[in-house]
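Q: Provided herewith: run01.pdb, PDB, C-alpha atoms and all ligand atoms.
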ATOM      1  CA  MET A   1     106.770  71.155  79.223
ATOM      2  CA  GLN A   2     105.722  69.688  82.563
ATOM      3  CA  HIS A   3     108.612  67.232  82.286
ATOM      4  CA  ARG A   4     111.147  69.954  81.628
ATOM      5  CA  THR A   5     109.907  71.934  84.621
ATOM      6  CA  LEU A   6     110.370  68.920  86.853
ATOM      7  CA  LYS A   7     113.876  68.419  85.502
ATOM      8  CA  GLN A   8     114.652  72.067  86.218
ATOM      9  CA  VAL A   9     113.372  71.649  89.766
ATOM     10  CA  ILE A  10     115.569  68.586  90.284
ATOM     11  CA  LEU A  11     118.585  70.455  88.891
ATOM     12  CA  ALA A  12     117.867  73.398  91.161
ATOM     13  CA  LEU A  13     117.499  71.101  94.179
ATOM     14  CA  SER A  14     120.697  69.233  93.432
ATOM     15  CA  SER A  15     122.646  72.470  93.101
ATOM     16  CA  VAL A  16     121.268  73.535  96.505
ATOM     17  CA  PHE A  17     122.468  70.225  97.921
ATOM     18  CA  VAL A  18     125.907  70.594  96.348
ATOM     19  CA  PHE A  19     126.104  74.157  97.615
ATOM     20  CA  SER A  20     125.217  73.213 101.198
ATOM     21  CA  ALA A  21     127.588  70.229 101.181
ATOM     22  CA  ALA A  22     130.374  72.521 100.016
ATOM     23  CA  GLN A  23     129.422  74.996 102.717
ATOM     24  CA  ALA A  24     129.533  72.275 105.388
ATOM     25  CA  ALA A  25     133.006  71.285 104.211
ATOM     26  CA  SER A  26     134.197  74.796 104.954
ATOM     27  CA  VAL A  27     132.533  75.056 108.399
ATOM     28  CA  HIS A  28     135.197  75.597 110.996
ATOM     29  CA  PHE A  29     135.420  73.017 113.774
ATOM     30  CA  CYS A  30     138.030  72.904 116.513
ATOM     31  CA  TYR A  31     139.117  71.094 119.657
ATOM     32  CA  GLU A  32     139.252  73.898 122.251
ATOM     33  CA  ALA A  33     136.732  73.008 124.954
ATOM     34  CA  GLY A  34     134.379  75.837 125.877
ATOM     35  CA  THR A  35     134.495  77.502 122.465
ATOM     36  CA  GLU A  36     131.734  77.627 119.859
ATOM     37  CA  CYS A  37     133.570  75.231 117.524
ATOM     38  CA  ALA A  38     134.410  72.699 120.299
ATOM     39  CA  PRO A  39     133.651  68.941 119.938
ATOM     40  CA  ALA A  40     130.556  69.290 122.181
ATOM     41  CA  ASN A  41     129.083  71.696 119.588
ATOM     42  CA  TRP A  42     130.111  69.995 116.335
ATOM     43  CA  GLY A  43     126.595  68.630 115.810
ATOM     44  CA  ASP A  44     125.179  72.172 115.793
ATOM     45  CA  LEU A  45     127.713  73.736 113.431
ATOM     46  CA  ALA A  46     125.980  72.452 110.264
ATOM     47  CA  GLU A  47     122.966  70.301 109.399
ATOM     48  CA  GLU A  48     125.358  67.839 107.736
ATOM     49  CA  PHE A  49     127.157  67.385 111.061
ATOM     50  CA  HIS A  50     124.051  66.225 112.974
ATOM     51  CA  LEU A  51     125.428  62.702 113.593
ATOM     52  CA  CYS A  52     128.120  64.272 115.780
ATOM     53  CA  LYS A  53     125.339  64.800 118.359
ATOM     54  CA  ASP A  54     122.569  62.359 117.257
ATOM     55  CA  GLY A  55     124.669  59.345 116.271
ATOM     56  CA  LEU A  56     124.549  56.244 118.456
ATOM     57  CA  SER A  57     127.696  54.591 117.084
ATOM     58  CA  GLN A  58     130.257  57.340 117.461
ATOM     59  CA  SER A  59     134.046  57.229 117.779
ATOM     60  CA  PRO A  60     136.393  57.311 119.580
ATOM     61  CA  ILE A  61     135.521  55.130 122.575
ATOM     62  CA  ASN A  62     137.132  53.834 125.713
ATOM     63  CA  LEU A  63     138.372  50.310 124.938
ATOM     64  CA  TYR A  64     137.551  48.284 128.010
ATOM     65  CA  ARG A  65     135.718  45.097 128.892
ATOM     66  CA  ALA A  66     136.408  43.815 125.402
ATOM     67  CA  ARG A  67     134.993  40.393 124.642
ATOM     68  CA  GLU A  68     137.637  37.948 123.479
ATOM     69  CA  ALA A  69     136.565  36.697 120.101
ATOM     70  CA  ARG A  70     137.841  35.013 117.003
ATOM     71  CA  VAL A  71     138.431  38.055 114.809
ATOM     72  CA  PRO A  72     139.909  37.722 111.316
ATOM     73  CA  SER A  73     143.664  38.227 111.108
ATOM     74  CA  LEU A  74     144.963  41.364 109.414
ATOM     75  CA  LYS A  75     146.887  41.014 106.169
ATOM     76  CA  VAL A  76     148.792  44.221 105.623
ATOM     77  CA  ASP A  77     150.092  44.747 102.097
ATOM     78  CA  TYR A  78     151.302  48.344 102.135
ATOM     79  CA  LYS A  79     153.795  49.687  99.596
ATOM     80  CA  ALA A  80     156.108  52.676  99.855
ATOM     81  CA  THR A  81     154.635  55.991  98.718
ATOM     82  CA  PRO A  82     156.273  59.346  97.871
ATOM     83  CA  LEU A  83     156.123  61.536 100.986
ATOM     84  CA  THR A  84     153.801  64.510 100.813
ATOM     85  CA  ILE A  85     152.492  65.918 104.102
ATOM     86  CA  LYS A  86     149.359  67.977 104.373
ATOM     87  CA  ASN A  87     148.513  70.230 107.309
ATOM     88  CA  ASN A  88     144.730  70.482 106.875
ATOM     89  CA  GLY A  89     144.299  72.678 109.939
ATOM     90  CA  HIS A  90     143.297  69.695 112.105
ATOM     91  CA  THR A  91     146.089  67.164 111.641
ATOM     92  CA  ALA A  92     149.116  66.159 109.592
ATOM     93  CA  GLN A  93     148.061  63.771 106.846
ATOM     94  CA  VAL A  94     150.104  61.672 104.438
ATOM     95  CA  ASN A  95     148.122  60.710 101.352
ATOM     96  CA  TYR A  96     148.865  57.294  99.906
ATOM     97  CA  ALA A  97     149.324  56.367  96.253
ATOM     98  CA  SER A  98     147.045  53.535  95.059
ATOM     99  CA  GLY A  99     148.151  49.917  95.368
ATOM    100  CA  SER A 100     148.336  49.387  99.153
ATOM    101  CA  THR A 101     145.745  47.155 100.801
ATOM    102  CA  LEU A 102     144.561  45.778 104.115
ATOM    103  CA  THR A 103     142.704  42.460 104.046
ATOM    104  CA  VAL A 104     140.488  41.563 107.003
ATOM    105  CA  GLY A 105     139.068  38.058 106.568
ATOM    106  CA  ASP A 106     137.440  38.148 103.126
ATOM    107  CA  LYS A 107     137.236  41.950 102.986
ATOM    108  CA  LYS A 108     139.832  43.944 101.120
ATOM    109  CA  TYR A 109     140.356  47.656 101.700
ATOM    110  CA  ARG A 110     142.559  50.187  99.894
ATOM    111  CA  LEU A 111     144.753  52.469 102.001
ATOM    112  CA  LEU A 112     143.965  56.156 101.312
ATOM    113  CA  GLN A 113     145.955  58.087 103.915
ATOM    114  CA  PHE A 114     147.268  58.130 107.441
ATOM    115  CA  HIS A 115     147.296  60.933 110.041
ATOM    116  CA  PHE A 116     147.795  61.577 113.752
ATOM    117  CA  HIS A 117     146.003  62.727 116.893
ATOM    118  CA  THR A 118     147.341  63.973 120.224
ATOM    119  CA  PRO A 119     146.596  62.754 122.807
ATOM    120  CA  SER A 120     145.193  59.445 121.538
ATOM    121  CA  GLU A 121     141.482  59.505 120.680
ATOM    122  CA  HIS A 122     140.779  55.950 121.834
ATOM    123  CA  LEU A 123     141.409  55.192 125.461
ATOM    124  CA  LYS A 124     142.633  51.847 126.765
ATOM    125  CA  ASP A 125     141.040  51.038 130.122
ATOM    126  CA  GLY A 126     140.332  54.737 130.548
ATOM    127  CA  ARG A 127     143.838  55.958 129.738
ATOM    128  CA  ALA A 128     145.075  57.962 126.771
ATOM    129  CA  TYR A 129     148.411  57.538 124.996
ATOM    130  CA  PRO A 130     150.447  60.577 123.858
ATOM    131  CA  LEU A 131     149.613  59.978 120.180
ATOM    132  CA  GLU A 132     147.446  57.810 117.938
ATOM    133  CA  ALA A 133     147.933  57.110 114.241
ATOM    134  CA  HIS A 134     144.959  56.387 111.955
ATOM    135  CA  MET A 135     145.363  54.479 108.706
ATOM    136  CA  VAL A 136     142.200  55.170 106.669
ATOM    137  CA  HIS A 137     140.951  52.592 104.124
ATOM    138  CA  VAL A 138     137.978  52.174 101.806
ATOM    139  CA  ASP A 139     136.559  49.121 100.012
ATOM    140  CA  ASP A 140     134.997  48.934  96.550
ATOM    141  CA  TYR A 141     131.564  49.766  98.001
ATOM    142  CA  GLY A 142     132.705  52.903  99.822
ATOM    143  CA  ASN A 143     132.825  51.307 103.297
ATOM    144  CA  LEU A 144     135.507  52.809 105.495
ATOM    145  CA  ALA A 145     137.853  50.867 107.768
ATOM    146  CA  VAL A 146     140.359  52.596 110.036
ATOM    147  CA  LEU A 147     143.351  50.915 111.630
ATOM    148  CA  GLY A 148     144.331  52.724 114.837
ATOM    149  CA  LEU A 149     147.749  52.537 116.457
ATOM    150  CA  PHE A 150     148.751  53.902 119.869
ATOM    151  CA  LEU A 151     152.132  55.631 120.201
ATOM    152  CA  LYS A 152     153.786  55.664 123.624
ATOM    153  CA  GLU A 153     156.822  57.526 124.880
ATOM    154  CA  GLY A 154     160.134  55.692 124.603
ATOM    155  CA  ASP A 155     163.860  56.442 124.715
ATOM    156  CA  HIS A 156     164.557  56.464 121.004
ATOM    157  CA  THR A 157     163.596  58.548 118.035
ATOM    158  CA  ASN A 158     161.040  56.730 115.893
ATOM    159  CA  ALA A 159     162.918  56.494 112.575
ATOM    160  CA  PHE A 160     159.764  56.069 110.494
ATOM    161  CA  LEU A 161     158.174  59.218 111.895
ATOM    162  CA  LYS A 162     161.313  61.385 111.658
ATOM    163  CA  PRO A 163     161.013  62.542 108.012
ATOM    164  CA  ILE A 164     157.300  63.153 108.580
ATOM    165  CA  PHE A 165     157.414  65.064 111.861
ATOM    166  CA  ASP A 166     160.490  67.025 110.694
ATOM    167  CA  ASN A 167     158.548  68.367 107.699
ATOM    168  CA  ILE A 168     154.957  69.052 108.828
ATOM    169  CA  PRO A 169     153.932  72.464 107.451
ATOM    170  CA  LYS A 170     153.446  74.822 110.419
ATOM    171  CA  THR A 171     150.362  76.357 108.844
ATOM    172  CA  GLU A 172     147.721  74.927 106.499
ATOM    173  CA  GLY A 173     149.225  73.619 103.299
ATOM    174  CA  GLU A 174     151.019  70.720 101.702
ATOM    175  CA  VAL A 175     154.705  69.952 101.332
ATOM    176  CA  GLU A 176     156.399  67.404  99.104
ATOM    177  CA  VAL A 177     159.530  65.930 100.671
ATOM    178  CA  ALA A 178     161.719  65.380  97.614
ATOM    179  CA  GLY A 179     163.358  61.990  97.262
ATOM    180  CA  VAL A 180     161.705  60.419 100.333
ATOM    181  CA  ASP A 181     159.383  57.427 100.147
ATOM    182  CA  VAL A 182     157.660  56.044 103.245
ATOM    183  CA  ASN A 183     155.946  52.736 103.924
ATOM    184  CA  VAL A 184     153.618  52.939 106.916
ATOM    185  CA  ALA A 185     153.919  49.143 107.315
ATOM    186  CA  ASN A 186     157.242  50.060 108.963
ATOM    187  CA  LEU A 187     155.384  51.881 111.743
ATOM    188  CA  LEU A 188     153.301  48.849 112.755
ATOM    189  CA  PRO A 189     154.182  46.583 115.688
ATOM    190  CA  ARG A 190     155.070  42.944 115.042
ATOM    191  CA  GLU A 191     152.052  41.654 116.969
ATOM    192  CA  ARG A 192     148.751  42.371 115.259
ATOM    193  CA  GLU A 193     146.187  41.600 117.965
ATOM    194  CA  TYR A 194     143.481  44.222 117.862
ATOM    195  CA  TYR A 195     140.241  45.599 119.252
ATOM    196  CA  SER A 196     137.354  45.788 116.822
ATOM    197  CA  TYR A 197     134.046  47.654 116.903
ATOM    198  CA  SER A 198     131.658  49.585 114.673
ATOM    199  CA  GLY A 199     132.029  53.370 114.918
ATOM    200  CA  SER A 200     132.332  56.635 113.038
ATOM    201  CA  LEU A 201     134.649  59.270 111.669
ATOM    202  CA  THR A 202     136.104  61.167 114.647
ATOM    203  CA  THR A 203     135.794  64.503 112.820
ATOM    204  CA  PRO A 204     132.671  66.136 111.322
ATOM    205  CA  PRO A 205     130.485  64.965 109.635
ATOM    206  CA  CYS A 206     131.014  62.020 112.100
ATOM    207  CA  SER A 207     129.652  59.550 109.499
ATOM    208  CA  GLU A 208     128.892  56.108 110.931
ATOM    209  CA  GLY A 209     129.394  52.600 109.550
ATOM    210  CA  VAL A 210     133.163  52.803 109.981
ATOM    211  CA  THR A 211     134.880  49.510 110.890
ATOM    212  CA  TRP A 212     137.445  50.260 113.585
ATOM    213  CA  MET A 213     140.433  48.086 114.364
ATOM    214  CA  VAL A 214     142.766  49.396 117.055
ATOM    215  CA  LEU A 215     146.010  47.513 117.565
ATOM    216  CA  GLU A 216     146.615  46.337 121.097
ATOM    217  CA  ASP A 217     150.398  46.837 121.014
ATOM    218  CA  ALA A 218     151.689  50.399 121.046
ATOM    219  CA  VAL A 219     154.901  51.514 119.339
ATOM    220  CA  THR A 220     157.367  54.003 120.823
ATOM    221  CA  VAL A 221     158.138  57.561 119.889
ATOM    222  CA  SER A 222     160.585  59.908 121.649
ATOM    223  CA  LYS A 223     159.495  62.689 123.981
ATOM    224  CA  ALA A 224     161.047  65.206 121.579
ATOM    225  CA  GLN A 225     158.878  63.850 118.738
ATOM    226  CA  ILE A 226     155.717  64.093 120.841
ATOM    227  CA  GLU A 227     156.619  67.716 121.598
ATOM    228  CA  GLN A 228     157.449  68.337 117.936
ATOM    229  CA  PHE A 229     153.928  67.290 116.906
ATOM    230  CA  ARG A 230     152.294  69.183 119.779
ATOM    231  CA  ALA A 231     154.130  72.366 118.801
ATOM    232  CA  ILE A 232     151.922  72.388 115.679
ATOM    233  CA  PHE A 233     148.754  70.617 116.897
ATOM    234  CA  GLU A 234     148.232  71.419 120.579
ATOM    235  CA  GLY A 235     145.430  68.903 120.931
ATOM    236  CA  ASN A 236     143.315  67.289 118.226
ATOM    237  CA  ALA A 237     141.524  64.408 119.947
ATOM    238  CA  ARG A 238     137.745  64.143 120.127
ATOM    239  CA  PRO A 239     136.626  63.037 123.630
ATOM    240  CA  ASP A 240     135.464  59.423 123.979
ATOM    241  CA  GLN A 241     131.851  58.748 123.031
ATOM    242  CA  PRO A 242     129.127  56.595 124.669
ATOM    243  CA  LEU A 243     129.239  52.912 123.761
ATOM    244  CA  ASN A 244     125.413  52.626 123.598
ATOM    245  CA  GLY A 245     125.453  48.858 123.917
ATOM    246  CA  ARG A 246     128.021  48.224 121.207
ATOM    247  CA  LYS A 247     130.290  45.224 121.696
ATOM    248  CA  ILE A 248     134.049  45.560 121.582
ATOM    249  CA  LYS A 249     135.847  42.464 120.328
ATOM    250  CA  ARG A 250     139.457  41.584 120.978
ATOM    251  CA  SER A 251     141.618  38.954 119.298
ATOM    252  CA  ASP A 252     141.641  35.886 121.528
ATOM    253  CA  ASP A 253     145.266  34.836 120.951
TER     254      ASP A 253
HETATM  255 ZN    ZN A 301     141.831  60.258 112.828
END
Could you rewrite the structure in this file as structure tokens?
A:
Amino acid sequence: MQHRTLKQVILALSSVFVFSAAQAASVHFCYEAGTECAPANWGDLAEEFHLCKDGLSQSPINLYRAREARVPSLKVDYKATPLTIKNNGHTAQVNYASGSTLTVGDKKYRLLQFHFHTPSEHLKDGRAYPLEAHMVHVDDYGNLAVLGLFLKEGDHTNAFLKPIFDNIPKTEGEVEVAGVDVNVANLLPREREYYSYSGSLTTPPCSEGVTWMVLEDAVTVSKAQIEQFRAIFEGNARPDQPLNGRKIKRSDD
């Protein structure tokens, strides 16, 4: 009898936890400075978001004074995936079918999705780029690794981004672009030197333990494409966070 009571208590507790986690997932956060849902207040919007204000290893950061180091080379093995684009209210996200991987030294990660921020979330020597792409990966133990890529303004339309930016739903929702496959390997620059540091998700719940790799070389995107993205997402970059003694490494070649 005692045992059953305990089990009931545990069940009740776990349903409370599930309920509050589901609630947190629906808490509205935003990027407009000075509003209640602004980045400065994310940590107060829900208990589950407390790392957004208490965390000591938060992202993004200003990439400067990086220490040149022997970092493992990146082995990108991305495949093409059918194009579906989700407007989740914060960004445009392309979910990836299974089978694409990123290998960093002896660690292998599976690519889950990629999405965009404007302006860039990471800064390079204090300066932002017009856009930043994030390729989000996970390993078999649930560790996250994000590959960041800066996009700068150039003269030509970025052919890889065209079918994506042309079809982003203007309001929350998902669209399947029939007959189009994309391979985000085609967005990457030829050179794969990168900055590396330990950080967090840049959106609530701001979970830490995320391995960040931000490519040093930017790729170009036309002014019209930057404006096309900004017509839907006016600004979705979290401000840069304190380094708190963390070391930033940079490929030494
Ligand atoms: Zn992101």
Q: With the PyMOL selection byres (((chain A and resi 177) around 8) and not hetatm) as the selection, what would be picked from this file? Answer as a compact mmCIF listing (two decimals) with C-alpha atoms, in the coordinates of the input, please.
A:
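This went into part23.txt:
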# COMPACT_ATOMS: atom_id res chain seq x y z
CA PRO A 82 156.27 59.35 97.87
CA LEU A 83 156.12 61.54 100.99
CA THR A 84 153.80 64.51 100.81
CA ILE A 85 152.49 65.92 104.10
CA ASN A 167 158.55 68.37 107.70
CA VAL A 175 154.71 69.95 101.33
CA GLU A 176 156.40 67.40 99.10
CA ALA A 178 161.72 65.38 97.61
CA GLY A 179 163.36 61.99 97.26
CA VAL A 180 161.71 60.42 100.33
Q: Report the distance between CA of Ile61 in chain A and CA of Gln241 in chain A in Å, rounded to one decimal place.
A: 5.2 Å
Q: Interatomic distance between CA of Ser59 in chain A and CA of Gly209 in chain A?
A: 10.5 Å
Q: If I take CA of Glu208 in chain A and CA of Ala38 in chain A, how far is one from the other in Å, to one decimal?
A: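 For CA of Glu208 in chain A relative to CA of Ala38 in chain A, the distance reads 19.8 Å.
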Q: Going by the chain IDs and residue numbers used in this file, which residues fall under the PyMOL selection byres (((chain A and resi 112) around 7) and not hetatm)? Write them as a ChimeraX atom specification.
A: /A:95-96,110-111,113,136-137
Q: Please check which protein, DNA or RNA residues sit within 10 Å of ligand ZN 301 (chain A), counting all atoms listed in the file, and write them as a ChimeraX atom specification.
A: /A:59-60,90-93,114-118,120-121,132-136,146-148,201-203,236-238
Q: The PyMOL selection byres (((chain A and resi 79) around 12) and not hetatm) - which residues does that actually catch in the file I just gave you? List them as a PyMOL selection string.
A: chain A and resi 76-78+80-82+96-102+110-112+181-186
Q: Taking 5 positions as the minimum chain separation for residues in the same chain, which residues sit within 10 Å of Lys162 in chain A when counting all atoms listed in the file? Answer as a list in words.
A: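 In the requested format, the answer is Thr157, Asn167, Val221 and Gln225 of chain A.
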Q: Name the closest residue to Gly126 in chain A among the candidates A:Phe49, A:Tyr64, A:Tyr109, A:Phe160; distances are taken between atoms, counting all atoms listed in the file.
A: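 Comparing A:Phe49, A:Tyr64, A:Tyr109, A:Phe160 against Gly126 in chain A, the winner is A:Tyr64.
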